[in-house]
>>> print(open('work-v4.txt').read())   # compact mmCIF, C-alpha atoms
# COMPACT_ATOMS: atom_id res chain seq x y z
CA LEU A 751 3.66 11.84 -41.25
CA THR A 752 1.67 14.89 -40.15
CA LEU A 753 -0.28 17.04 -42.60
CA GLU A 754 -2.32 20.19 -42.24
CA ARG A 755 -5.81 20.25 -43.72
CA LYS A 756 -7.38 23.18 -45.49
CA ASP A 757 -9.28 24.09 -42.29
CA GLY A 758 -6.04 24.24 -40.32
CA THR A 759 -6.45 20.99 -38.38
CA ARG A 760 -3.55 18.58 -38.38
CA ILE A 761 -3.86 14.88 -39.08
CA SER A 762 -1.47 11.98 -38.67
CA LEU A 763 -0.91 9.64 -41.57
CA GLU A 764 0.75 6.30 -41.91
CA TYR A 765 1.95 5.35 -45.36
CA SER A 766 3.79 2.59 -47.08
CA VAL A 767 5.42 2.57 -50.50
CA LYS A 768 5.99 -0.41 -52.75
CA SER A 769 7.83 -0.64 -56.01
CA ILE A 770 6.02 -2.48 -58.77
CA HIS A 771 7.70 -3.59 -61.97
CA SER A 772 5.45 -3.96 -65.01
CA ASN A 773 6.31 -4.05 -68.71
CA ALA A 774 9.86 -2.93 -68.01
CA LYS A 775 8.56 0.01 -66.04
CA SER A 776 8.98 0.72 -62.35
CA LEU A 777 5.99 2.17 -60.57
CA LEU A 778 5.65 3.34 -57.01
CA PHE A 779 2.48 2.24 -55.23
CA SER A 780 1.63 4.14 -52.04
CA ILE A 781 -1.00 3.35 -49.38
CA VAL A 782 -1.91 6.17 -46.98
CA ARG A 783 -3.95 5.63 -43.86
CA ASP A 784 -5.36 8.23 -41.45
CA ILE A 785 -4.16 7.27 -37.95
CA THR A 786 -5.12 10.51 -36.20
CA GLU A 787 -7.47 8.82 -33.72
CA ARG A 788 -4.94 6.10 -32.96
CA LYS A 789 -2.30 8.73 -32.26
CA LYS A 790 -4.68 10.59 -29.98
CA ALA A 791 -5.45 7.36 -28.09
CA GLU A 792 -1.73 6.61 -27.73
CA GLU A 793 -1.10 10.12 -26.44
CA ARG A 794 -3.93 9.80 -23.89
CA LEU A 795 -2.47 6.48 -22.77
CA ARG A 796 1.01 8.00 -22.38
CA SER A 797 -0.47 10.88 -20.39
CA GLN A 798 -2.32 8.49 -18.10
CA GLU A 799 0.77 6.36 -17.59
CA GLU A 800 2.81 9.45 -16.76
CA LEU A 801 0.12 10.57 -14.31
CA TYR A 802 0.08 7.16 -12.62
CA ARG A 803 3.89 7.16 -12.38
CA THR A 804 3.82 10.61 -10.82
CA LEU A 805 1.14 9.59 -8.33
CA VAL A 806 3.05 6.45 -7.35
CA GLU A 807 6.41 8.19 -7.06
CA THR A 808 5.06 11.07 -4.97
CA ALA A 809 2.84 8.93 -2.73
CA PRO A 810 3.75 9.09 0.97
CA ASP A 811 3.06 5.35 1.33
CA MET A 812 5.35 2.57 0.13
CA ILE A 813 3.87 1.00 -3.03
CA THR A 814 5.07 -2.38 -4.25
CA MET A 815 4.43 -4.70 -7.17
CA ALA A 816 5.30 -8.27 -6.22
CA SER A 817 5.25 -11.61 -7.98
CA LEU A 818 3.15 -14.56 -6.84
CA THR A 819 6.29 -16.03 -5.26
CA GLY A 820 6.80 -12.95 -3.11
CA ARG A 821 9.59 -11.30 -5.09
CA LEU A 822 9.63 -7.52 -5.35
CA LEU A 823 9.18 -6.41 -8.96
CA ALA A 824 8.79 -2.64 -8.56
CA ILE A 825 8.85 -0.19 -5.66
CA ASN A 826 8.34 3.55 -5.39
CA SER A 827 10.67 6.18 -3.93
CA ALA A 828 8.94 6.09 -0.52
CA TRP A 829 10.77 2.80 0.14
CA GLU A 830 14.16 4.48 0.20
CA ARG A 831 12.86 7.47 2.16
CA ILE A 832 11.32 5.33 4.90
CA THR A 833 13.54 2.23 5.05
CA GLY A 834 16.79 3.33 3.42
CA TRP A 835 16.71 0.46 0.90
CA SER A 836 17.26 1.47 -2.73
CA ARG A 837 15.56 -0.09 -5.75
CA GLU A 838 18.79 -1.81 -6.75
CA GLU A 839 18.99 -3.53 -3.37
CA LEU A 840 15.43 -4.86 -3.37
CA ILE A 841 14.16 -5.42 -6.92
CA GLY A 842 14.10 -9.14 -7.73
CA LYS A 843 14.61 -10.13 -4.10
CA SER A 844 12.21 -12.03 -1.84
CA PHE A 845 10.26 -10.16 0.83
CA GLU A 846 11.25 -12.67 3.52
CA PRO A 847 14.63 -11.22 4.64
CA ILE A 848 13.12 -7.79 5.36
CA VAL A 849 10.08 -8.98 7.34
CA HIS A 850 10.33 -9.16 11.13
CA PRO A 851 10.97 -12.81 12.16
CA ASP A 852 7.89 -12.77 14.41
CA ASP A 853 5.72 -11.56 11.51
CA LEU A 854 7.17 -13.88 8.85
CA PRO A 855 5.00 -17.00 9.51
CA ALA A 856 1.81 -14.94 9.16
CA ALA A 857 3.21 -13.25 6.02
CA LYS A 858 3.84 -16.64 4.42
CA GLN A 859 0.34 -17.82 5.33
CA ARG A 860 -1.17 -14.68 3.76
CA LEU A 861 0.77 -15.36 0.54
CA VAL A 862 -0.62 -18.91 0.38
CA ALA A 863 -4.13 -17.59 1.06
CA PHE A 864 -3.64 -14.92 -1.63
CA LEU A 865 -2.84 -17.58 -4.24
CA LYS A 866 -6.08 -19.33 -3.32
CA GLY A 867 -8.08 -16.16 -3.87
CA ASN A 868 -8.45 -15.22 -0.20
CA ILE A 869 -7.23 -11.62 -0.41
CA PRO A 870 -6.41 -10.11 3.02
CA GLN A 871 -8.16 -6.77 3.36
CA ARG A 872 -5.77 -5.10 5.78
CA TYR A 873 -3.00 -6.30 8.04
CA GLU A 874 0.06 -5.11 9.98
CA VAL A 875 3.65 -6.10 9.34
CA ARG A 876 7.06 -4.88 10.51
CA ILE A 877 9.71 -4.30 7.83
CA ARG A 878 13.44 -4.10 8.51
CA THR A 879 15.21 -0.89 7.58
CA LYS A 880 18.69 -0.75 6.10
CA ALA A 881 19.91 0.56 9.47
CA GLY A 882 18.65 -2.61 11.16
CA GLY A 883 15.54 -1.34 12.92
CA TYR A 884 11.92 -2.21 12.16
CA VAL A 885 9.07 0.01 11.03
CA PRO A 886 5.43 -1.03 11.60
CA PHE A 887 3.18 -0.80 8.54
CA GLU A 888 -0.51 -1.21 7.84
CA THR A 889 -0.71 -3.02 4.51
CA ILE A 890 -3.43 -3.29 1.89
CA ALA A 891 -3.03 -6.03 -0.74
CA ARG A 892 -4.72 -6.09 -4.13
CA PRO A 893 -4.48 -8.67 -6.96
CA LEU A 894 -2.92 -7.88 -10.34
CA TYR A 895 -4.21 -9.62 -13.47
CA THR A 896 -2.73 -10.22 -16.91
CA ASN A 897 -5.12 -11.40 -19.62
CA GLY A 898 -7.63 -12.29 -16.94
CA GLU A 899 -5.22 -14.42 -14.90
CA LEU A 900 -3.76 -13.61 -11.50
CA SER A 901 -0.19 -12.48 -12.15
CA GLY A 902 0.96 -10.58 -9.09
CA MET A 903 0.18 -8.37 -6.12
CA LEU A 904 -0.06 -4.66 -5.49
CA LEU A 905 0.86 -3.75 -1.91
CA ILE A 906 0.35 -0.38 -0.26
CA ASN A 907 2.26 -0.03 3.02
CA ARG A 908 1.47 2.87 5.35
CA ASP A 909 3.92 3.77 8.13
CA ILE A 910 2.00 3.59 11.42
CA THR A 911 4.91 4.38 13.75
CA ASP A 912 3.20 7.49 15.14
CA ARG A 913 -0.04 5.60 15.71
CA LYS A 914 1.75 2.79 17.52
CA GLN A 915 3.57 5.28 19.73
CA ALA A 916 0.29 7.06 20.52
CA GLU A 917 -1.33 3.72 21.43
CA ALA A 918 1.59 2.86 23.70
CA THR A 919 1.41 6.27 25.37
CA LEU A 920 -2.34 5.84 25.90
CA ARG A 921 -1.81 2.41 27.47
CA ASP A 922 0.86 3.81 29.79
CA THR A 923 -1.42 6.70 30.78
CA GLU A 924 -4.35 4.37 31.46
CA GLU A 925 -2.13 2.09 33.54
CA LEU A 926 -0.81 5.07 35.51
CA ASN A 927 -4.32 6.36 36.13
CA HIS A 928 -5.41 2.90 37.23
CA LEU A 929 -2.54 2.64 39.72
CA MET A 930 -3.21 6.13 41.10
CA ILE A 931 -6.93 5.45 41.55
CA GLU A 932 -6.30 2.01 43.00
CA HIS A 933 -4.06 3.33 45.77
CA VAL A 934 -6.21 6.28 46.87
CA LEU A 935 -7.43 5.51 50.42
CA ASP A 936 -9.15 8.77 51.40
CA TYR A 937 -11.77 8.65 48.65
CA ALA A 938 -14.07 5.95 47.38
CA ILE A 939 -13.70 5.93 43.59
CA ILE A 940 -16.28 3.82 41.80
CA ARG A 941 -16.83 3.63 38.06
CA LEU A 942 -20.06 2.26 36.60
CA ASP A 943 -20.88 1.25 33.03
CA PRO A 944 -24.10 2.49 31.31
CA GLN A 945 -25.99 -0.51 32.73
CA GLY A 946 -24.96 0.41 36.28
CA ILE A 947 -22.47 -2.46 36.61
CA ILE A 948 -19.43 -1.63 38.73
CA GLN A 949 -16.25 -1.53 36.67
CA THR A 950 -13.83 0.05 39.16
CA TRP A 951 -13.79 -0.23 42.97
CA ASN A 952 -10.66 1.20 44.54
CA ARG A 953 -9.09 0.58 47.95
CA GLY A 954 -10.74 3.69 49.36
CA ALA A 955 -14.12 2.17 48.49
CA GLU A 956 -13.08 -1.09 50.14
CA ARG A 957 -12.09 0.74 53.33
CA MET A 958 -15.26 2.81 53.51
CA GLN A 959 -17.81 0.25 52.31
CA GLN A 960 -16.16 -2.83 53.81
CA TYR A 961 -16.54 -4.69 50.53
CA ALA A 962 -13.59 -6.07 48.63
CA ALA A 963 -13.32 -5.34 44.89
CA GLU A 964 -13.87 -9.05 44.15
CA GLU A 965 -17.24 -8.90 45.93
>>> encode(input="work-v4.txt", output="structure tokens")
Amino acid sequence: LTLERKDGTRISLEYSVKSIHSNAKSLLFSIVRDITERKKAEERLRSQEELYRTLVETAPDMITMASLTGRLLAINSAWERITGWSREELIGKSFEPIVHPDDLPAAKQRLVAFLKGNIPQRYEVRIRTKAGGYVPFETIARPLYTNGELSGMLLINRDITDRKQAEATLRDTEELNHLMIEHVLDYAIIRLDPQGIIQTWNRGAERMQQYAAEE
């Protein structure tokens, strides 16, 4: 029940009515309690929960709540956008079928360590998409507690496909540069580290200086 005070402010009331019979008469007994502050607290809580839901649902990373046995309890919309799996296909299922076979042993070991209180800070894992491919993720795991006891896991998975491709491209470029430098015969190409130690000695340097790279 909401009432308006004389000053125009509105308050929330909770009331209960009981019927009392006395001397052949029926009386109504009412108890009214001001619950304005409780209502305000509940509204703040609802607003915060709505904000958290919005943040989770609009996050670019995949966010997961999982049980201590590795079953998926809740996922956000980024899962379907990135992997193609819907909530209906994953909720209640184990994580094992969607983890790359080569990554699965380490994933199981991390789960065992998690239960012992050894929380992994950051790790990489490949997750199978509905189309059958695999996406590399960098994952952060955090514990969830209920009444002070460990009850589950919060996992944040960030797609690192672009980073992995950039790393592969860099490796290919470095390998190509190494091959080009190695086979130059007309120039001695020598690379030193800050301490003056030779790091690179190409075939041109061998021909001109008469020292092999191993020497």
>>> atom_distance(input="work-v4.txt", atom1="CA of Arg921 (chain A)", atom2="CA of Asp909 (chain A)")
20.2 Å
>>> closest_residue(input="work-v4.txt", among="A:Leu818, A:Ala809, A:Val767, A:Leu777", to="Tyr895 (chain A)", atoms="all atoms listed in the file")
A:Leu818
>>> atom_distance(input="work-v4.txt", atom1="CA of Pro886 (chain A)", atom2="CA of Glu874 (chain A)")
6.9 Å
>>> axis_aligned_box(input="work-v4.txt", around="region 839-850 of chain A", padding_each_side="4 Å", output="AutoDock Vina command-line options")
--center_x 14.5 --center_y -8.1 --center_z 1.7 --size_x 16.9 --size_y 17.1 --size_z 26.9
>>> residues_near_point(input="work-v4.txt", point="(-6.4, -10.3, 1.3)", cutoff="10 Å", atoms="all atoms listed in the file", output="ChimeraX atom specification")
/A:860-861,863-865,867-873,889-893
>>> write_last_selection(input="work-v4.txt", atoms="C-alpha atoms", output="CSV table (one decimal), in the frame of the given file")
chain,number,residue,atom,x,y,z
A,860,ARG,CA,-1.2,-14.7,3.8
A,861,LEU,CA,0.8,-15.4,0.5
A,863,ALA,CA,-4.1,-17.6,1.1
A,864,PHE,CA,-3.6,-14.9,-1.6
A,865,LEU,CA,-2.8,-17.6,-4.2
A,867,GLY,CA,-8.1,-16.2,-3.9
A,868,ASN,CA,-8.4,-15.2,-0.2
A,869,ILE,CA,-7.2,-11.6,-0.4
A,870,PRO,CA,-6.4,-10.1,3.0
A,871,GLN,CA,-8.2,-6.8,3.4
A,872,ARG,CA,-5.8,-5.1,5.8
A,873,TYR,CA,-3.0,-6.3,8.0
A,889,THR,CA,-0.7,-3.0,4.5
A,890,ILE,CA,-3.4,-3.3,1.9
A,891,ALA,CA,-3.0,-6.0,-0.7
A,892,ARG,CA,-4.7,-6.1,-4.1
A,893,PRO,CA,-4.5,-8.7,-7.0
>>> closest_residue(input="work-v4.txt", among="A:Ser901, A:Ser766, A:Ser780, A:Thr833", to="Met815 (chain A)", atoms="only C-alpha atoms")
A:Ser901
>>> residues_around(input="work-v4.txt", residues="Ile848 (chain A)", least_positions_apart="4", cutoff="10 Å", atoms="all atoms listed in the file", output="short mmCIF file (atom, residue, chain, number, x, y, z; two decimals) with C-alpha atoms, in the coordinates of the input")
data_model
loop_
_atom_site.label_atom_id
_atom_site.label_comp_id
_atom_site.auth_asym_id
_atom_site.auth_seq_id
_atom_site.Cartn_x
_atom_site.Cartn_y
_atom_site.Cartn_z
CA LEU A 840 15.43 -4.86 -3.37
CA LYS A 843 14.61 -10.13 -4.10
CA SER A 844 12.21 -12.03 -1.84
CA LEU A 854 7.17 -13.88 8.85
CA ARG A 876 7.06 -4.88 10.51
CA ILE A 877 9.71 -4.30 7.83
CA ARG A 878 13.44 -4.10 8.51
CA THR A 879 15.21 -0.89 7.58
CA LYS A 880 18.69 -0.75 6.10
CA GLY A 882 18.65 -2.61 11.16
CA TYR A 884 11.92 -2.21 12.16
#
>>> residues_around(input="work-v4.txt", residues="Val806 (chain A)", least_positions_apart="3", cutoff="12 Å", atoms="all atoms listed in the file", output="CSV table (one decimal) with C-alpha atoms, in the frame of the given file")
chain,number,residue,atom,x,y,z
A,799,GLU,CA,0.8,6.4,-17.6
A,800,GLU,CA,2.8,9.4,-16.8
A,801,LEU,CA,0.1,10.6,-14.3
A,802,TYR,CA,0.1,7.2,-12.6
A,803,ARG,CA,3.9,7.2,-12.4
A,809,ALA,CA,2.8,8.9,-2.7
A,810,PRO,CA,3.8,9.1,1.0
A,811,ASP,CA,3.1,5.4,1.3
A,812,MET,CA,5.4,2.6,0.1
A,813,ILE,CA,3.9,1.0,-3.0
A,814,THR,CA,5.1,-2.4,-4.2
A,815,MET,CA,4.4,-4.7,-7.2
A,824,ALA,CA,8.8,-2.6,-8.6
A,825,ILE,CA,8.8,-0.2,-5.7
A,826,ASN,CA,8.3,3.6,-5.4
A,827,SER,CA,10.7,6.2,-3.9
A,828,ALA,CA,8.9,6.1,-0.5
A,829,TRP,CA,10.8,2.8,0.1
A,904,LEU,CA,-0.1,-4.7,-5.5
A,905,LEU,CA,0.9,-3.8,-1.9
A,906,ILE,CA,0.4,-0.4,-0.3
>>> closest_residue(input="work-v4.txt", among="A:Gln798, A:Ile781, A:Gly820, A:Lys789", to="Gly902 (chain A)", atoms="only C-alpha atoms")
A:Gly820
>>> atom_distance(input="work-v4.txt", atom1="CA of Asp757 (chain A)", atom2="CA of Glu792 (chain A)")
24.0 Å
